[in-house]
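Down below is the structure, laid out as structure tokens.
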Amino acid sequence: MLVDAIRAESYRLSKNRTALFWSLLFVPVVGLLISAATFIFAKANEAKLAGKLPPELGLNTAPLDMGAGLVASAAEFANPAVLMFVLIGAATVFAGDYRWETWRLTTARNRRPNLLLGKVVVVVGLTIAATVAVLIGDIASNLVKAVVFERALTFSLTGAQTADLAWLTLLGWGRIVQFVMLGLLAAVTTRSLLAALFVPLVVGVGQFFLPKLLASMGVSPDGWLTPLLTPGMAADLLKAVILGGAAAGDLPPQALAKGVLGLVSWTLAPLVGAIVWFQRQDLSKE
């Protein structure tokens with residue numbers, strides 16, 4: 001049963017404290033430490049740095065709006081550091097049975113789709129936990145900023161800001177899920193933990209250069225092909241649609257449809273491909 005597979009994978013991941021640390025805690029903790037060190041340095045050299053640093057760093061006496069800070073943090077949830085380190089836990093789950101050659105034992109007790117979907121559900125839960133951890137880390141960073149620069153704290157969220165926060169959080173989480181699905185497909189097709197780690201990273205780097213390559217071939221960046229081939233661009237289109245204003249000033253036609261189709265395609269295609277491949281895979285040759 002699927003529930004049994006989810007329970008088993010959850011238990012195994014809960015015992016892997018190293019993977020949980022790198023996936024959930026490393027980025028928020030290191031980000032908080034770097035932010036705190038930056039704030040303390042800026043405060044200690046306030047006279048020298050006055051007028052030379054961006055106002056969001058904190059060198060002013062205006063109250064710090066935690067609500068606006070939440071929205072700004074949500075817009076950057078799926079940054080490269082978060083994607084890379086969440087992938088560590090995801091790859092461990094996806095490729096663990098290949099690494100330890102335990103598929104022959106588990107496939108005798110449950111159906112293959114259930115076993116693979118159990119891993120997917122657990123990793124999706126991991127991505128949710130990672131999103132929450134990043135949010136908590138950003139809140140802590142703003143609190144440290146307020147203490148160091150002796151700024152009062154306020155909290156205000158308009159209806160529009162609340163909607164932006166919800167949609168940006170959902171988008172950031174969706175982008176993380178899309179990224180780790182590439183790791184799933186790589187793990188199943190190659191039976192390798194290293195491939196599950198590095199293939200998504202290579203794809204991520206490649207998509208940075210792909211729009212320029214397509215443009216040199218005469219493919220318009222405002223068309224359908226570019227966002228369908230680059231999930232990062234699809235996510236950026238959706239972010240601009242959500243934020244509106246100046247961010248949405250140069251959006252191509254049907255930007256919302258292009259962004260949704262690109263991101264969903266890059267999420268479901270690896271998932272379906274992995275399930276189909278796994279169904280036909282000879283697990284006696286692990």
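Scheme for the structure tokens: letters A, B, ... for chains in order shown; per-chain residue numbers from 1; ligand numbers from 1 in order shown.
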
Which of region 38-271 of chain A counts as strand (DSSP E or B) under DSSP, as a short mmCIF file (atom, residue, chain, number, x, y, z; two decimals) with all heavy atoms, in the first residue's frame please?
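Ended up saving to selection-v4.cif:
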data_model
loop_
_atom_site.label_atom_id
_atom_site.label_comp_id
_atom_site.auth_asym_id
_atom_site.auth_seq_id
_atom_site.Cartn_x
_atom_site.Cartn_y
_atom_site.Cartn_z
N LEU A 64 10.99 48.70 11.10
CA LEU A 64 11.18 47.57 10.20
C LEU A 64 9.86 46.80 10.09
O LEU A 64 9.36 46.26 11.07
CB LEU A 64 12.27 46.66 10.74
CG LEU A 64 12.69 45.48 9.87
CD1 LEU A 64 13.23 45.96 8.52
CD2 LEU A 64 13.74 44.63 10.58
N ASP A 65 9.30 46.78 8.90
CA ASP A 65 8.01 46.13 8.64
C ASP A 65 8.23 44.64 8.39
O ASP A 65 8.74 44.25 7.34
CB ASP A 65 7.32 46.78 7.45
CG ASP A 65 5.88 46.30 7.28
OD1 ASP A 65 5.51 45.27 7.88
OD2 ASP A 65 5.12 46.96 6.54
N LEU A 153 9.93 47.48 15.49
CA LEU A 153 9.31 46.46 14.66
C LEU A 153 7.83 46.78 14.45
O LEU A 153 7.12 47.16 15.39
CB LEU A 153 9.43 45.08 15.30
CG LEU A 153 10.82 44.44 15.30
CD1 LEU A 153 10.79 43.14 16.09
CD2 LEU A 153 11.29 44.18 13.87
N THR A 154 7.38 46.63 13.22
CA THR A 154 5.96 46.74 12.90
C THR A 154 5.57 45.54 12.05
O THR A 154 6.43 44.85 11.50
CB THR A 154 5.64 48.05 12.13
OG1 THR A 154 6.34 48.03 10.87
CG2 THR A 154 6.06 49.27 12.93
#

Next on the checklist: I'd like the contact shell of Gly262 (chain A) - 10 Å cut-off, only C-alpha atoms, skipping same-chain residues fewer than 5 positions apart - returned as a PyMOL selection string.
Outcome noted: chain A and resi 224-235+237+256-257+267

Item to check | Long-range neighbours of Pro200 (chain A) as a VMD selection string, 9 Å cut-off, only C-alpha atoms, 2 positions minimum in chain | outcome: chain A and resid 84 87 179 to 183 186 195 to 198 202 to 205

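For the residues A:Phe149, A:Phe155, A:Tyr11, A:Phe208, ranking by smallest atom-to-atom distance to Gly67 (chain A) using only C-alpha atoms places A:Phe155 first.
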
Counting only C-alpha atoms, what is within 12 Å of Ser73 (chain A), bar same-chain residues fewer than 5 positions away, as a PDB file with C-alpha atoms, in the first residue's frame?
ATOM      1  CA  PRO A  28      18.781  28.994   7.086  1.00  0.00           C
ATOM      2  CA  MET A  66       8.045  42.367   9.200  1.00  0.00           C
ATOM      3  CA  GLY A  67       5.087  41.884   6.878  1.00  0.00           C
ATOM      4  CA  ALA A  68       6.893  43.452   3.937  1.00  0.00           C
ATOM      5  CA  ALA A  78      13.743  29.003  -4.469  1.00  0.00           C
ATOM      6  CA  ASN A  79      17.238  30.474  -4.661  1.00  0.00           C
ATOM      7  CA  THR A 131      10.372  26.214   2.704  1.00  0.00           C
ATOM      8  CA  VAL A 132       9.189  26.761   6.278  1.00  0.00           C
ATOM      9  CA  ALA A 133      12.775  26.600   7.577  1.00  0.00           C
ATOM     10  CA  VAL A 134      13.909  29.252   5.092  1.00  0.00           C
ATOM     11  CA  LEU A 135      10.978  31.448   6.099  1.00  0.00           C
ATOM     12  CA  ILE A 136      11.848  31.110   9.791  1.00  0.00           C
ATOM     13  CA  GLY A 137      15.478  31.900   9.016  1.00  0.00           C
ATOM     14  CA  ASP A 138      14.480  35.068   7.163  1.00  0.00           C
ATOM     15  CA  ILE A 139      12.238  36.150  10.049  1.00  0.00           C
ATOM     16  CA  ALA A 140      15.122  35.599  12.483  1.00  0.00           C
ATOM     17  CA  SER A 141      17.406  37.617  10.197  1.00  0.00           C
ATOM     18  CA  ASN A 142      14.983  40.554  10.257  1.00  0.00           C
ATOM     19  CA  ASP A 164       1.375  37.947  -2.910  1.00  0.00           C
ATOM     20  CA  LEU A 165       2.862  36.133   0.089  1.00  0.00           C
ATOM     21  CA  ALA A 166       0.669  33.072  -0.487  1.00  0.00           C
ATOM     22  CA  LEU A 168       5.033  33.533  -3.961  1.00  0.00           C
ATOM     23  CA  THR A 169       5.366  30.864  -1.263  1.00  0.00           C
ATOM     24  CA  GLY A 172       8.865  28.922  -4.524  1.00  0.00           C
TER      25      GLY A 172
END

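Nearest to Glu9 (chain A) of all the residues A:Val122, A:Leu116, A:Val71, A:Val188 is A:Val122, based on only C-alpha atoms.
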
Checklist entry - Please, which residues of region 7-146 of chain A, numbered as in this document, come out helix (DSSP H, G or I) from DSSP, as an MDAnalysis selection string? => result chainID A and resid 7:15 17:44 46:49 55:57 66:74 80:99 103:106 112:146
